[in-house]
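Trainee: Just model00.cif, nothing more (mmCIF, C-alpha atoms and all ligand atoms):
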data_structure
loop_
_atom_site.group_PDB
_atom_site.id
_atom_site.type_symbol
_atom_site.label_atom_id
_atom_site.label_comp_id
_atom_site.auth_asym_id
_atom_site.auth_seq_id
_atom_site.Cartn_x
_atom_site.Cartn_y
_atom_site.Cartn_z
ATOM 1 C CA MET D 1 135.621 127.485 98.084
ATOM 2 C CA LYS D 2 132.839 126.721 95.592
ATOM 3 C CA PRO D 3 132.375 122.954 94.996
ATOM 4 C CA THR D 4 133.048 121.570 91.537
ATOM 5 C CA TYR D 5 130.700 119.071 89.923
ATOM 6 C CA ALA D 6 131.162 116.097 87.623
ATOM 7 C CA ASP D 7 128.911 113.446 86.096
ATOM 8 C CA TRP D 8 129.759 109.769 86.261
ATOM 9 C CA ASN D 9 127.481 107.390 84.424
ATOM 10 C CA PRO D 10 129.075 103.960 84.874
ATOM 11 C CA TRP D 11 126.245 102.172 83.051
ATOM 12 C CA HIS D 12 123.336 103.143 80.865
ATOM 13 C CA GLY D 13 119.750 101.918 80.557
ATOM 14 C CA CYS D 14 117.170 100.864 83.097
ATOM 15 C CA THR D 15 113.914 98.979 83.535
ATOM 16 C CA LYS D 16 110.744 100.792 84.566
ATOM 17 C CA ILE D 17 109.442 99.855 87.991
ATOM 18 C CA SER D 18 106.885 102.395 89.188
ATOM 19 C CA PRO D 19 104.558 105.202 87.986
ATOM 20 C CA GLY D 20 107.341 107.794 88.094
ATOM 21 C CA CYS D 21 109.182 105.839 85.397
ATOM 22 C CA LYS D 22 106.412 106.202 82.809
ATOM 23 C CA TYR D 23 108.128 108.977 80.856
ATOM 24 C CA CYS D 24 111.663 108.279 82.084
ATOM 25 C CA TYR D 25 114.167 110.812 80.758
ATOM 26 C CA VAL D 26 116.662 108.061 79.896
ATOM 27 C CA TYR D 27 114.150 106.597 77.455
ATOM 28 C CA ARG D 28 113.324 110.045 76.111
ATOM 29 C CA GLN D 29 116.960 110.928 75.568
ATOM 30 C CA ASP D 30 117.681 107.625 73.839
ATOM 31 C CA GLU D 31 114.735 108.170 71.539
ATOM 32 C CA MET D 32 115.789 111.741 70.813
ATOM 33 C CA TYR D 33 119.313 110.662 69.873
ATOM 34 C CA GLY D 34 118.021 107.696 67.848
ATOM 35 C CA SER D 35 119.806 105.073 69.925
ATOM 36 C CA ASP D 36 119.672 101.671 68.269
ATOM 37 C CA LYS D 37 119.653 99.886 71.627
ATOM 38 C CA SER D 38 116.613 99.418 73.808
ATOM 39 C CA SER D 39 116.713 101.733 76.857
ATOM 40 C CA SER D 40 115.800 98.768 79.043
ATOM 41 C CA GLU D 41 119.064 97.103 78.089
ATOM 42 C CA VAL D 42 121.699 97.983 80.664
ATOM 43 C CA SER D 43 125.234 98.293 79.347
ATOM 44 C CA LEU D 44 128.572 99.500 80.671
ATOM 45 C CA ASN D 45 129.698 102.922 79.559
ATOM 46 C CA ALA D 46 133.158 103.603 78.191
ATOM 47 C CA ASP D 47 133.766 105.960 81.106
ATOM 48 C CA PHE D 48 133.043 103.263 83.669
ATOM 49 C CA ASN D 49 136.306 103.912 85.510
ATOM 50 C CA LEU D 50 136.170 107.710 85.310
ATOM 51 C CA PRO D 51 136.643 108.320 89.069
ATOM 52 C CA VAL D 52 140.053 106.627 89.006
ATOM 53 C CA LYS D 53 141.190 107.827 85.583
ATOM 54 C CA ARG D 54 144.401 109.832 85.662
ATOM 55 C CA LYS D 55 145.917 112.536 83.532
ATOM 56 C CA ARG D 56 149.369 112.410 81.993
ATOM 57 C CA ASP D 57 150.854 113.932 85.118
ATOM 58 C CA LYS D 58 149.316 111.016 87.093
ATOM 59 C CA SER D 59 146.861 113.205 88.971
ATOM 60 C CA TYR D 60 143.208 112.136 88.925
ATOM 61 C CA LYS D 61 141.042 113.541 86.141
ATOM 62 C CA ILE D 62 138.320 114.423 88.656
ATOM 63 C CA PRO D 63 139.871 116.831 91.151
ATOM 64 C CA SER D 64 139.604 116.325 94.867
ATOM 65 C CA GLY D 65 136.546 117.911 96.483
ATOM 66 C CA THR D 66 134.278 117.399 93.463
ATOM 67 C CA VAL D 67 130.641 116.355 93.902
ATOM 68 C CA VAL D 68 130.051 113.501 91.479
ATOM 69 C CA PHE D 69 126.488 113.012 90.212
ATOM 70 C CA THR D 70 126.457 109.270 89.848
ATOM 71 C CA CYS D 71 124.449 107.073 87.517
ATOM 72 C CA PHE D 72 122.007 109.609 86.109
ATOM 73 C CA THR D 73 121.351 107.551 82.965
ATOM 74 C CA SER D 74 120.307 104.490 84.937
ATOM 75 C CA ASP D 75 119.563 103.496 88.517
ATOM 76 C CA PHE D 76 122.676 102.687 90.549
ATOM 77 C CA LEU D 77 120.857 99.719 92.093
ATOM 78 C CA VAL D 78 119.341 98.305 88.903
ATOM 79 C CA GLU D 79 119.458 94.500 88.909
ATOM 80 C CA GLN D 80 121.268 94.196 85.565
ATOM 81 C CA ALA D 81 124.274 96.089 86.970
ATOM 82 C CA ASP D 82 124.860 93.768 89.923
ATOM 83 C CA GLU D 83 127.969 92.272 88.334
ATOM 84 C CA TRP D 84 129.629 95.698 87.921
ATOM 85 C CA ARG D 85 128.672 97.355 91.185
ATOM 86 C CA THR D 86 131.437 95.823 93.310
ATOM 87 C CA GLU D 87 134.009 97.537 91.116
ATOM 88 C CA ALA D 88 132.046 100.773 91.202
ATOM 89 C CA TRP D 89 132.031 100.682 95.014
ATOM 90 C CA ALA D 90 135.794 100.036 94.959
ATOM 91 C CA MET D 91 136.281 103.251 92.966
ATOM 92 C CA ILE D 92 134.032 105.147 95.369
ATOM 93 C CA ARG D 93 136.117 103.779 98.240
ATOM 94 C CA GLU D 94 139.370 104.746 96.537
ATOM 95 C CA ARG D 95 138.134 108.298 95.940
ATOM 96 C CA ARG D 96 137.163 109.222 99.473
ATOM 97 C CA ASP D 97 138.161 112.759 98.552
ATOM 98 C CA LEU D 98 135.078 113.026 96.294
ATOM 99 C CA THR D 99 131.386 113.072 97.220
ATOM 100 C CA PHE D 100 129.245 110.643 95.236
ATOM 101 C CA PHE D 101 125.530 111.412 94.996
ATOM 102 C CA PHE D 102 123.070 108.949 93.514
ATOM 103 C CA PHE D 103 119.275 108.675 93.443
ATOM 104 C CA THR D 104 117.430 105.393 93.405
ATOM 105 C CA LYS D 105 113.901 104.079 93.034
ATOM 106 C CA ARG D 106 115.234 100.704 94.208
ATOM 107 C CA ILE D 107 115.977 101.470 97.830
ATOM 108 C CA ASP D 108 114.502 98.050 98.640
ATOM 109 C CA ARG D 109 117.638 96.548 97.030
ATOM 110 C CA PHE D 110 120.084 98.733 98.914
ATOM 111 C CA ALA D 111 120.986 96.298 101.707
ATOM 112 C CA GLU D 112 121.871 93.540 99.234
ATOM 113 C CA CYS D 113 123.888 95.912 97.027
ATOM 114 C CA VAL D 114 126.311 97.480 99.524
ATOM 115 C CA PRO D 115 129.910 96.313 99.875
ATOM 116 C CA GLY D 116 131.092 94.210 102.815
ATOM 117 C CA ASP D 117 132.758 97.135 104.591
ATOM 118 C CA TRP D 118 129.739 99.451 104.311
ATOM 119 C CA SER D 119 128.823 99.077 108.002
ATOM 120 C CA GLY D 120 127.398 102.499 108.972
ATOM 121 C CA GLY D 121 127.918 103.832 105.454
ATOM 122 C CA TYR D 122 130.671 105.699 103.624
ATOM 123 C CA ASP D 123 131.211 109.337 104.537
ATOM 124 C CA ASN D 124 131.533 110.267 100.873
ATOM 125 C CA VAL D 125 128.194 108.883 99.619
ATOM 126 C CA ILE D 126 124.844 110.696 99.582
ATOM 127 C CA VAL D 127 121.860 108.522 98.745
ATOM 128 C CA GLY D 128 118.654 110.054 97.445
ATOM 129 C CA CYS D 129 115.561 107.872 97.846
ATOM 130 C CA THR D 130 113.181 108.845 95.039
ATOM 131 C CA VAL D 131 109.409 108.829 95.509
ATOM 132 C CA GLU D 132 106.725 110.161 93.206
ATOM 133 C CA ASN D 133 103.417 109.578 94.976
ATOM 134 C CA GLN D 134 102.069 108.608 98.392
ATOM 135 C CA THR D 135 102.093 104.877 97.673
ATOM 136 C CA MET D 136 105.761 104.894 96.743
ATOM 137 C CA ALA D 137 106.606 107.163 99.686
ATOM 138 C CA ASP D 138 104.850 104.778 102.065
ATOM 139 C CA TYR D 139 106.641 101.797 100.548
ATOM 140 C CA ARG D 140 110.178 103.161 100.116
ATOM 141 C CA LEU D 141 110.677 105.604 102.963
ATOM 142 C CA PRO D 142 110.168 103.154 105.860
ATOM 143 C CA ILE D 143 112.890 101.014 104.241
ATOM 144 C CA PHE D 144 115.108 104.065 103.736
ATOM 145 C CA LYS D 145 114.650 105.059 107.379
ATOM 146 C CA GLN D 146 116.055 101.726 108.563
ATOM 147 C CA LEU D 147 119.190 101.829 106.420
ATOM 148 C CA SER D 148 122.631 102.821 107.642
ATOM 149 C CA ILE D 149 123.560 105.664 105.312
ATOM 150 C CA LYS D 150 125.634 108.634 106.426
ATOM 151 C CA HIS D 151 123.947 111.165 104.142
ATOM 152 C CA LYS D 152 120.308 110.821 103.146
ATOM 153 C CA ALA D 153 118.075 112.920 100.897
ATOM 154 C CA ILE D 154 114.506 112.416 99.734
ATOM 155 C CA ILE D 155 113.932 113.180 96.065
ATOM 156 C CA VAL D 156 110.273 113.748 95.229
ATOM 157 C CA ALA D 157 110.298 113.447 91.453
ATOM 158 C CA PRO D 158 108.364 113.586 89.336
ATOM 159 C CA LEU D 159 105.786 114.849 91.816
ATOM 160 C CA LEU D 160 102.518 113.286 90.639
ATOM 161 C CA GLU D 161 100.105 114.094 93.441
ATOM 162 C CA GLN D 162 99.922 115.671 96.864
ATOM 163 C CA VAL D 163 102.261 113.738 99.161
ATOM 164 C CA ASP D 164 102.519 113.786 102.934
ATOM 165 C CA LEU D 165 106.052 113.023 104.122
ATOM 166 C CA THR D 166 105.582 114.245 107.675
ATOM 167 C CA VAL D 167 106.194 110.913 109.402
ATOM 168 C CA TYR D 168 109.407 110.350 107.444
ATOM 169 C CA LEU D 169 111.032 113.706 108.105
ATOM 170 C CA ASP D 170 113.577 113.482 110.877
ATOM 171 C CA SER D 171 117.060 114.844 111.439
ATOM 172 C CA THR D 172 118.662 112.048 109.365
ATOM 173 C CA ILE D 173 117.194 113.623 106.207
ATOM 174 C CA GLU D 174 119.587 116.276 104.949
ATOM 175 C CA GLU D 175 117.327 117.619 102.203
ATOM 176 C CA VAL D 176 114.016 117.138 100.435
ATOM 177 C CA SER D 177 114.288 118.036 96.768
ATOM 178 C CA VAL D 178 111.152 118.345 94.632
ATOM 179 C CA SER D 179 110.625 118.431 90.851
ATOM 180 C CA GLY D 180 107.832 118.286 88.351
ATOM 181 C CA GLU D 181 108.041 116.085 85.278
ATOM 182 C CA SER D 182 109.759 117.144 82.067
ATOM 183 C CA GLY D 183 109.176 115.983 78.507
ATOM 184 C CA ALA D 184 106.424 116.398 75.915
ATOM 185 C CA GLU D 185 104.091 113.995 77.682
ATOM 186 C CA ALA D 186 104.784 115.289 81.177
ATOM 187 C CA ARG D 187 102.032 114.990 83.719
ATOM 188 C CA ILE D 188 100.816 118.179 85.363
ATOM 189 C CA CYS D 189 102.390 119.229 88.646
ATOM 190 C CA ASP D 190 100.263 121.378 90.926
ATOM 191 C CA TYR D 191 102.215 124.118 92.656
ATOM 192 C CA ARG D 192 100.099 123.612 95.796
ATOM 193 C CA TRP D 193 101.596 120.111 96.169
ATOM 194 C CA ILE D 194 105.051 121.682 96.139
ATOM 195 C CA LEU D 195 104.109 124.257 98.728
ATOM 196 C CA ALA D 196 102.577 121.547 100.912
ATOM 197 C CA LEU D 197 105.898 119.669 100.907
ATOM 198 C CA ARG D 198 107.725 122.869 101.704
ATOM 199 C CA ARG D 199 105.462 123.445 104.716
ATOM 200 C CA GLN D 200 106.090 119.914 105.968
ATOM 201 C CA CYS D 201 109.847 120.463 105.730
ATOM 202 C CA ILE D 202 109.755 123.806 107.514
ATOM 203 C CA GLU D 203 107.676 122.341 110.313
ATOM 204 C CA LYS D 204 110.308 119.632 110.799
ATOM 205 C CA ASN D 205 113.222 121.986 110.118
ATOM 206 C CA ILE D 206 114.456 119.970 107.141
ATOM 207 C CA PRO D 207 116.093 121.757 104.166
ATOM 208 C CA PHE D 208 113.791 121.947 101.172
ATOM 209 C CA ARG D 209 114.632 122.588 97.548
ATOM 210 C CA PHE D 210 112.313 123.175 94.610
ATOM 211 C CA HIS D 211 114.684 121.841 92.042
ATOM 212 C CA GLN D 212 112.764 121.934 88.787
ATOM 213 C CA THR D 213 109.294 123.023 87.708
ATOM 214 C CA GLY D 214 108.732 120.294 85.145
ATOM 215 C CA ALA D 215 107.113 121.010 81.777
ATOM 216 C CA LYS D 216 103.552 121.596 83.000
ATOM 217 C CA LEU D 217 103.011 123.533 86.171
ATOM 218 C CA LEU D 218 99.567 124.413 87.441
ATOM 219 C CA LYS D 219 99.489 127.544 89.544
ATOM 220 C CA ASP D 220 96.509 129.634 90.600
ATOM 221 C CA GLY D 221 94.307 127.783 88.136
ATOM 222 C CA GLN D 222 96.594 128.492 85.195
ATOM 223 C CA LEU D 223 98.635 125.851 83.407
ATOM 224 C CA TYR D 224 102.155 127.025 82.600
ATOM 225 C CA ARG D 225 104.106 125.178 79.928
ATOM 226 C CA ILE D 226 107.751 125.635 80.713
ATOM 227 C CA ARG D 227 110.509 124.848 78.252
ATOM 228 C CA ARG D 228 113.223 122.466 79.395
ATOM 229 C CA LYS D 229 115.919 125.098 79.501
ATOM 230 C CA PHE D 230 113.919 127.250 81.925
ATOM 231 C CA GLN D 231 112.662 124.541 84.270
ATOM 232 C CA ILE D 232 115.527 124.792 86.753
ATOM 233 C CA SER D 233 115.850 128.565 86.655
ATOM 234 C CA GLN D 234 112.083 129.071 87.066
ATOM 235 C CA ALA D 235 112.047 126.829 90.107
ATOM 236 C CA TYR D 236 114.915 128.818 91.567
ATOM 237 C CA LYS D 237 113.085 132.066 90.858
ATOM 238 C CA ALA D 238 110.118 130.867 92.879
ATOM 239 C CA ASN D 239 112.407 131.584 95.836
ATOM 240 C CA ILE D 240 110.840 128.976 98.090
ATOM 241 C CA ASN D 241 113.920 126.957 99.006
ATOM 242 C CA TYR D 242 114.428 126.557 102.711
ATOM 243 C CA ARG D 243 117.711 126.196 104.561
ATOM 244 C CA ILE D 244 117.914 125.582 108.279
ATOM 245 C CA GLY D 245 118.396 128.855 110.087
ATOM 246 C CA GLU D 246 116.857 130.928 107.294
ATOM 247 C CA ASP D 247 113.926 133.112 108.103
ATOM 248 C CA ARG D 248 110.537 131.547 107.582
ATOM 249 C CA LYS D 249 108.759 134.190 105.580
ATOM 250 C CA PRO D 250 105.211 133.252 104.709
ATOM 251 C CA VAL D 251 105.026 131.424 101.415
ATOM 252 C CA LYS D 252 102.943 134.205 99.835
ATOM 253 C CA GLU D 253 105.941 136.519 99.975
ATOM 254 C CA ARG D 254 108.122 134.014 98.201
ATOM 255 C CA GLU D 255 106.110 132.252 95.552
ATOM 256 C CA ASN D 256 106.858 134.722 92.769
ATOM 257 C CA ILE D 257 107.207 132.154 89.991
HETATM 258 S S1 LIG N 1 114.259 103.938 87.866
HETATM 259 FE FE1 LIG N 1 114.835 105.971 87.068
HETATM 260 S S2 LIG N 1 116.206 105.542 85.373
HETATM 261 FE FE2 LIG N 1 115.106 103.632 85.836
HETATM 262 S S3 LIG N 1 113.338 103.621 84.445
HETATM 263 FE FE3 LIG N 1 112.695 104.531 86.383
HETATM 264 S S4 LIG N 1 112.954 106.745 86.095
HETATM 265 FE FE4 LIG N 1 114.146 105.716 84.511
#
Go ahead and express the file in the form of structure tokens.
Mentor:
Amino acid sequence: MKPTYADWNPWHGCTKISPGCKYCYVYRQDEMYGSDKSSSEVSLNADFNLPVKRKRDKSYKIPSGTVVFTCFTSDFLVEQADEWRTEAWAMIRERRDLTFFFFTKRIDRFAECVPGDWSGGYDNVIVGCTVENQTMADYRLPIFKQLSIKHKAIIVAPLLEQVDLTVYLDSTIEEVSVSGESGAEARICDYRWILALRRQCIEKNIPFRFHQTGAKLLKDGQLYRIRRKFQISQAYKANINYRIGEDRKPVKERENI
């Protein structure tokens, strides 16, 4: 059966902490919609308790088996949300029939943010450690490696330079997902950096996904400007995703972006 997907944004707003945050999409969206609040102000959303909300017939609004993209208008581990996170974890615990997936640039806060019964991790939580350059990879991924988390992914976004993840790729990593940067001021992403990451994943037999091209993609010396609505589909069309057990055709046969 095909999985269903839902978004759960318990809080909104975030503070910038590293180069990847420079043109943060949360800030861009707030500006686009003329929000009167500063994007660095973190506030609870009305749908805070969405995972446990019920319909008239008492069944949960989010059906069992759904993958819930969690906290995509903030960082789940942002300091200003510390007072609300215990309740968020309680909802995640209650809905063990859902899979919660969040990304964070604050993996160094993870250990102090987990609930008391976390132990080896919850089966229903996937944590994506986000890195954008080599410095952040070398800072965050050794921490990530040490953490007890049942399902781990590395999110390389926005990819700002060539990055070598080789030493961090082991069988605990379920996927490496790579994206360029979106937005009017996006920094250029070089397609060779993406292919280099793909090669590293294939060598270590780790699933790889080119998730999104970003707005400015440099390929074969040509700069492609890609509109937001095509950034995911164009990445998919590149046909360079790698799943364990798939054939390993040379990249040249696949990079038809
Ligand atoms: S951590 Fe994520 S959500 Fe927060 S400012 Fe940086 S890019 Fe934006």
Trainee: Could you write out as a list in words the residues that the PyMOL selection byres (((chain D and resi 93) around 12) and not hetatm) matches in the shown file?
Mentor: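 After applying the PyMOL selection byres (((chain D and resi 93) around 12) and not hetatm), what remains is Pro51, Val52, Thr86, Glu87, Ala88, Trp89, Ala90, Met91, Ile92, Glu94, Arg95, Arg96, Asp97, Leu98, Thr99, Phe100, Val114, Pro115, Gly116, Asp117, Trp118, Gly121, Tyr122, Asp123, Asn124 and Val125 of chain D.
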Trainee: Put those residues in a file: C-alpha atoms, as a PDB file, keeping the file's coordinate frame.
Mentor:
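New file part.pdb:
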ATOM      1  CA  PRO D  51     136.643 108.320  89.069  1.00  0.00           C
ATOM      2  CA  VAL D  52     140.053 106.627  89.006  1.00  0.00           C
ATOM      3  CA  THR D  86     131.437  95.823  93.310  1.00  0.00           C
ATOM      4  CA  GLU D  87     134.009  97.537  91.116  1.00  0.00           C
ATOM      5  CA  ALA D  88     132.046 100.773  91.202  1.00  0.00           C
ATOM      6  CA  TRP D  89     132.031 100.682  95.014  1.00  0.00           C
ATOM      7  CA  ALA D  90     135.794 100.036  94.959  1.00  0.00           C
ATOM      8  CA  MET D  91     136.281 103.251  92.966  1.00  0.00           C
ATOM      9  CA  ILE D  92     134.032 105.147  95.369  1.00  0.00           C
ATOM     10  CA  GLU D  94     139.370 104.746  96.537  1.00  0.00           C
ATOM     11  CA  ARG D  95     138.134 108.298  95.940  1.00  0.00           C
ATOM     12  CA  ARG D  96     137.163 109.222  99.473  1.00  0.00           C
ATOM     13  CA  ASP D  97     138.161 112.759  98.552  1.00  0.00           C
ATOM     14  CA  LEU D  98     135.078 113.026  96.294  1.00  0.00           C
ATOM     15  CA  THR D  99     131.386 113.072  97.220  1.00  0.00           C
ATOM     16  CA  PHE D 100     129.245 110.643  95.236  1.00  0.00           C
ATOM     17  CA  VAL D 114     126.311  97.480  99.524  1.00  0.00           C
ATOM     18  CA  PRO D 115     129.910  96.313  99.875  1.00  0.00           C
ATOM     19  CA  GLY D 116     131.092  94.210 102.815  1.00  0.00           C
ATOM     20  CA  ASP D 117     132.758  97.135 104.591  1.00  0.00           C
ATOM     21  CA  TRP D 118     129.739  99.451 104.311  1.00  0.00           C
ATOM     22  CA  GLY D 121     127.918 103.832 105.454  1.00  0.00           C
ATOM     23  CA  TYR D 122     130.671 105.699 103.624  1.00  0.00           C
ATOM     24  CA  ASP D 123     131.211 109.337 104.537  1.00  0.00           C
ATOM     25  CA  ASN D 124     131.533 110.267 100.873  1.00  0.00           C
ATOM     26  CA  VAL D 125     128.194 108.883  99.619  1.00  0.00           C
TER      27      VAL D 125
END
Trainee: For a test of reading the model, state the distance in Å between atom CA of D:Asn45 and atom CA of D:Trp11, rounded to one decimal.
Mentor: 5.0 Å
Trainee: Using all atoms of stretch 230-241 of chain D that appear in the file, construct an axis-aligned enclosing box with 4 Å of padding on every side and provide its centre coordinates and edge lengths in Å, rounded to one decimal, as lines of an AutoDock Vina configuration file.
Mentor:
center_x = 113.0
center_y = 128.3
center_z = 90.5
size_x = 13.7
size_y = 15.5
size_z = 25.1
Trainee: Identify, counting only C-alpha atoms and all ligand atoms, the protein, DNA and RNA residues located within 6 Å of ligand LIG 1 (chain N), and give them as an NGL selection string.
Mentor: :D and (14-17 or 21 or 24 or 26 or 74-75 or 105)
Trainee: Could you check how far atom CA of D:Ile173 sits from atom CA of D:Leu141, in Å to one decimal?
Mentor: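 Between atom CA of D:Ile173 and atom CA of D:Leu141 the gap works out to 10.8 Å.
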Trainee: For D:Leu44, which residue among D:Asp7, D:Asp164, D:Glu83, D:Asp30 is the nearest when counting all atoms listed in the file?
Mentor: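 Using all atoms listed in the file, the shortest distance to D:Leu44 belongs to D:Glu83.
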Trainee: Could you tell me how far atom CA of D:Pro142 sits from atom CA of D:Phe210, in Å to one decimal place?
Mentor: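 Distance reported for this atom pair: 23.1 Å.
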Trainee: May I ask which of the residues D:Glu132, D:Ser39, D:Asp57, D:Ile126 is the closest one to D:Trp193, counting only C-alpha atoms?
Mentor: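 That would be D:Glu132, the residue with the smallest distance to D:Trp193.
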Trainee: Compare D:Thr130, D:Asn239, D:Gln222, D:Gln200 by their minimum atom-to-atom distance to D:Ser177, counting only C-alpha atoms, and give me the closest one.
Mentor: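 Ranking D:Thr130, D:Asn239, D:Gln222, D:Gln200 by distance to D:Ser177, first place goes to D:Thr130.
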Trainee: With distances taken over only C-alpha atoms, which residue among D:Cys129, D:Ile244, D:Tyr191, D:Val78 lies nearest D:Arg109?
Mentor: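 Once distances to D:Arg109 are computed over only C-alpha atoms, the minimum belongs to D:Val78.
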Trainee: Let me make sure I understand: among D:Lys237, D:Arg227, D:His12, D:Lys204, which one has the smallest atom-to-atom distance to D:Ser38 if we use only C-alpha atoms?
Mentor: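 Comparing D:Lys237, D:Arg227, D:His12, D:Lys204 against D:Ser38, the winner is D:His12.
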